[in-house]
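J.: Would you mind keeping the following structure in view while I ask a few things?
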Amino acid sequence: MIVCSCQLIRDTEIHAAIDWMRAADPATVITPGKIYHALGKAPECGGCMRLFVATMRINGNLGVPAELRGLRDSGGDRHEGRSEGHRLPEPGAAS
Ligand code: FES
């Protein structure tokens, strides 16, 4: 299935990139930008980001490295000072 129609990126390419990055560095934080970079491409319109991230999330190798888990609940400002309009929606939250 094509996930990004601007760059013709398929879900299988996203999963392959995640698996490759996780195998190369078990502690890396995998982002959509890193996947685009690994595939030698760059996003254009950004219209695919919701589906792109959803595709990433079903990959078992996407997990956050253990040393970075729990940072969100470690106290302090959860949104790092970003204004509400610039925050990513919580997973499962209605948009
Ligand atoms: S559809 Fe992915 S950047 Fe446009």
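Following the order of the structure tokens, chains are lettered A, B, ..., residues in each are numbered from 1, and ligands are numbered from 1.
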Within 8 Å of A:Ile14, counting only C-alpha atoms, which residues qualify if same-chain residues fewer than 6 places away don't, as a CSV table (one decimal) with C-alpha atoms, in the first residue's frame?
T.:
```csv
chain,number,residue,atom,x,y,z
A,35,ILE,CA,12.7,7.2,7.6
A,55,THR,CA,2.1,2.7,9.7
A,56,MET,CA,5.2,3.3,11.8
```
J.: Can you list every residue in chain A that DSSP puts in strand (DSSP E or B), as a ChimeraX atom specification?
T.: /A:2-4,9-10
J.: How would the residues just chosen look if you wrote them out with C-alpha atoms as an mmCIF file, in the first residue's frame?
T.:
```cif
data_model
loop_
_atom_site.group_PDB
_atom_site.id
_atom_site.type_symbol
_atom_site.label_atom_id
_atom_site.label_comp_id
_atom_site.auth_asym_id
_atom_site.auth_seq_id
_atom_site.Cartn_x
_atom_site.Cartn_y
_atom_site.Cartn_z
ATOM 1 C CA ILE A 2 1.327 3.441 -0.871
ATOM 2 C CA VAL A 3 1.513 5.627 2.249
ATOM 3 C CA CYS A 4 3.135 8.756 0.816
ATOM 4 C CA ILE A 9 6.639 5.350 -0.369
ATOM 5 C CA ARG A 10 5.004 2.024 0.424
#
```
J.: Within 8 Å of ligand 1, which residues show up when you count only C-alpha atoms and all ligand atoms? List them as a PDB file with N, CA, C and O atoms, in the first residue's frame, please.
T.:
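For reference, result_31.pdb as written:
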```
ATOM      1  N   VAL A   3       1.806   4.770   1.096  1.00  0.00           N
ATOM      2  CA  VAL A   3       1.513   5.627   2.249  1.00  0.00           C
ATOM      3  C   VAL A   3       1.723   7.084   1.880  1.00  0.00           C
ATOM      4  O   VAL A   3       0.907   7.941   2.199  1.00  0.00           O
ATOM      5  N   CYS A   4       2.819   7.382   1.213  1.00  0.00           N
ATOM      6  CA  CYS A   4       3.135   8.756   0.816  1.00  0.00           C
ATOM      7  C   CYS A   4       3.043   8.843  -0.708  1.00  0.00           C
ATOM      8  O   CYS A   4       3.889   8.300  -1.420  1.00  0.00           O
ATOM      9  N   SER A   5       2.019   9.536  -1.170  1.00  0.00           N
ATOM     10  CA  SER A   5       1.823   9.604  -2.618  1.00  0.00           C
ATOM     11  C   SER A   5       2.764  10.599  -3.278  1.00  0.00           C
ATOM     12  O   SER A   5       3.052  10.480  -4.468  1.00  0.00           O
ATOM     13  N   CYS A   6       3.268  11.569  -2.552  1.00  0.00           N
ATOM     14  CA  CYS A   6       4.234  12.505  -3.143  1.00  0.00           C
ATOM     15  C   CYS A   6       5.533  11.791  -3.507  1.00  0.00           C
ATOM     16  O   CYS A   6       6.106  12.043  -4.557  1.00  0.00           O
ATOM     17  N   GLN A   7       5.986  10.924  -2.614  1.00  0.00           N
ATOM     18  CA  GLN A   7       7.274  10.251  -2.821  1.00  0.00           C
ATOM     19  C   GLN A   7       7.111   8.770  -3.162  1.00  0.00           C
ATOM     20  O   GLN A   7       8.105   8.053  -3.256  1.00  0.00           O
ATOM     21  N   LEU A   8       5.867   8.334  -3.312  1.00  0.00           N
ATOM     22  CA  LEU A   8       5.577   6.934  -3.645  1.00  0.00           C
ATOM     23  C   LEU A   8       6.272   5.970  -2.686  1.00  0.00           C
ATOM     24  O   LEU A   8       6.955   5.025  -3.097  1.00  0.00           O
ATOM     25  N   ILE A   9       6.071   6.220  -1.401  1.00  0.00           N
ATOM     26  CA  ILE A   9       6.639   5.350  -0.369  1.00  0.00           C
ATOM     27  C   ILE A   9       5.574   4.370   0.076  1.00  0.00           C
ATOM     28  O   ILE A   9       4.470   4.753   0.457  1.00  0.00           O
ATOM     29  N   ALA A  42      12.407  13.121   0.806  1.00  0.00           N
ATOM     30  CA  ALA A  42      11.975  14.142   1.755  1.00  0.00           C
ATOM     31  C   ALA A  42      10.486  14.377   1.553  1.00  0.00           C
ATOM     32  O   ALA A  42       9.991  14.321   0.425  1.00  0.00           O
ATOM     33  N   PRO A  43       9.761  14.636   2.651  1.00  0.00           N
ATOM     34  CA  PRO A  43       8.323  14.890   2.486  1.00  0.00           C
ATOM     35  C   PRO A  43       8.091  16.185   1.715  1.00  0.00           C
ATOM     36  O   PRO A  43       8.901  17.103   1.766  1.00  0.00           O
ATOM     37  N   GLU A  44       6.972  16.206   1.005  1.00  0.00           N
ATOM     38  CA  GLU A  44       6.632  17.423   0.261  1.00  0.00           C
ATOM     39  C   GLU A  44       5.438  18.119   0.897  1.00  0.00           C
ATOM     40  O   GLU A  44       5.573  19.153   1.512  1.00  0.00           O
ATOM     41  N   CYS A  45       4.246  17.557   0.762  1.00  0.00           N
ATOM     42  CA  CYS A  45       3.045  18.236   1.272  1.00  0.00           C
ATOM     43  C   CYS A  45       2.771  17.932   2.737  1.00  0.00           C
ATOM     44  O   CYS A  45       2.109  18.704   3.410  1.00  0.00           O
ATOM     45  N   GLY A  46       3.225  16.805   3.246  1.00  0.00           N
ATOM     46  CA  GLY A  46       2.975  16.415   4.630  1.00  0.00           C
ATOM     47  C   GLY A  46       1.596  15.830   4.860  1.00  0.00           C
ATOM     48  O   GLY A  46       1.258  15.471   5.985  1.00  0.00           O
ATOM     49  N   GLY A  47       0.815  15.701   3.822  1.00  0.00           N
ATOM     50  CA  GLY A  47      -0.540  15.184   3.965  1.00  0.00           C
ATOM     51  C   GLY A  47      -0.603  13.732   4.407  1.00  0.00           C
ATOM     52  O   GLY A  47      -1.644  13.269   4.873  1.00  0.00           O
ATOM     53  N   CYS A  48       0.480  13.017   4.286  1.00  0.00           N
ATOM     54  CA  CYS A  48       0.502  11.602   4.636  1.00  0.00           C
ATOM     55  C   CYS A  48       0.948  11.359   6.073  1.00  0.00           C
ATOM     56  O   CYS A  48       0.966  10.206   6.509  1.00  0.00           O
ATOM     57  N   MET A  49       1.296  12.378   6.817  1.00  0.00           N
ATOM     58  CA  MET A  49       1.949  12.174   8.113  1.00  0.00           C
ATOM     59  C   MET A  49       1.119  11.335   9.073  1.00  0.00           C
ATOM     60  O   MET A  49       1.654  10.491   9.780  1.00  0.00           O
ATOM     61  N   PHE A  52       1.410   7.909   7.815  1.00  0.00           N
ATOM     62  CA  PHE A  52       2.821   7.531   7.914  1.00  0.00           C
ATOM     63  C   PHE A  52       3.147   7.098   9.345  1.00  0.00           C
ATOM     64  O   PHE A  52       3.731   6.041   9.587  1.00  0.00           O
TER      65      PHE A  52
END
```
J.: Quick check, in Å to one decimal: how far apart do atom CA of A:Leu68 and atom CA of A:Gly85 lie?
T.: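 Answer for the atom CA of A:Leu68 to atom CA of A:Gly85 separation: 25.3 Å.
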J.: Pick the closest to A:Lys41 from A:Glu13, A:Thr28, A:Val64, A:Asn59: which is it, counting only C-alpha atoms?
T.: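 For A:Lys41, the nearest of the given residues is A:Glu13.
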J.: My list of candidates is A:Pro91, A:Pro26, A:Gly63, A:Gly70. Which is closest to A:Arg50 when distances are computed with only C-alpha atoms?
T.: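 Looking only at the distances to A:Arg50, the closest residue turns out to be A:Pro91.
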J.: Could you tell me which of A:Leu62, A:Leu51, A:Glu90, A:Gly33 comes closest to A:Met21 if we count only C-alpha atoms?
T.: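 Of the candidates, the smallest distance to A:Met21 is held by A:Leu62.
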J.: May I have all residues of chain A that DSSP, computed from the backbone, assigns to helix (DSSP H, G or I), given as an MDAnalysis selection string?
T.: chainID A and resid 11:24 32:38 49:57 66:68 84:86
J.: With distances taken over only C-alpha atoms, which residue among A:Leu88, A:Ile30, A:Ile18, A:Ala24 lies nearest A:Pro65?
T.: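 Under the stated criterion, the closest residue is A:Ile30.
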J.: For A:Ala23, which of A:Met1, A:Gly40, A:Asn61, A:His86 is the closest residue, counting only C-alpha atoms?
T.: A:Asn61
J.: Go through A:Ala17, A:Gly60, A:Ser83, A:Ala66 one by one, measure the shortest atom-to-atom distance of each to A:Lys34 using only C-alpha atoms, and give the residue with the smallest value.
T.: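 Of all the options, A:Ala17 lies closest to A:Lys34.
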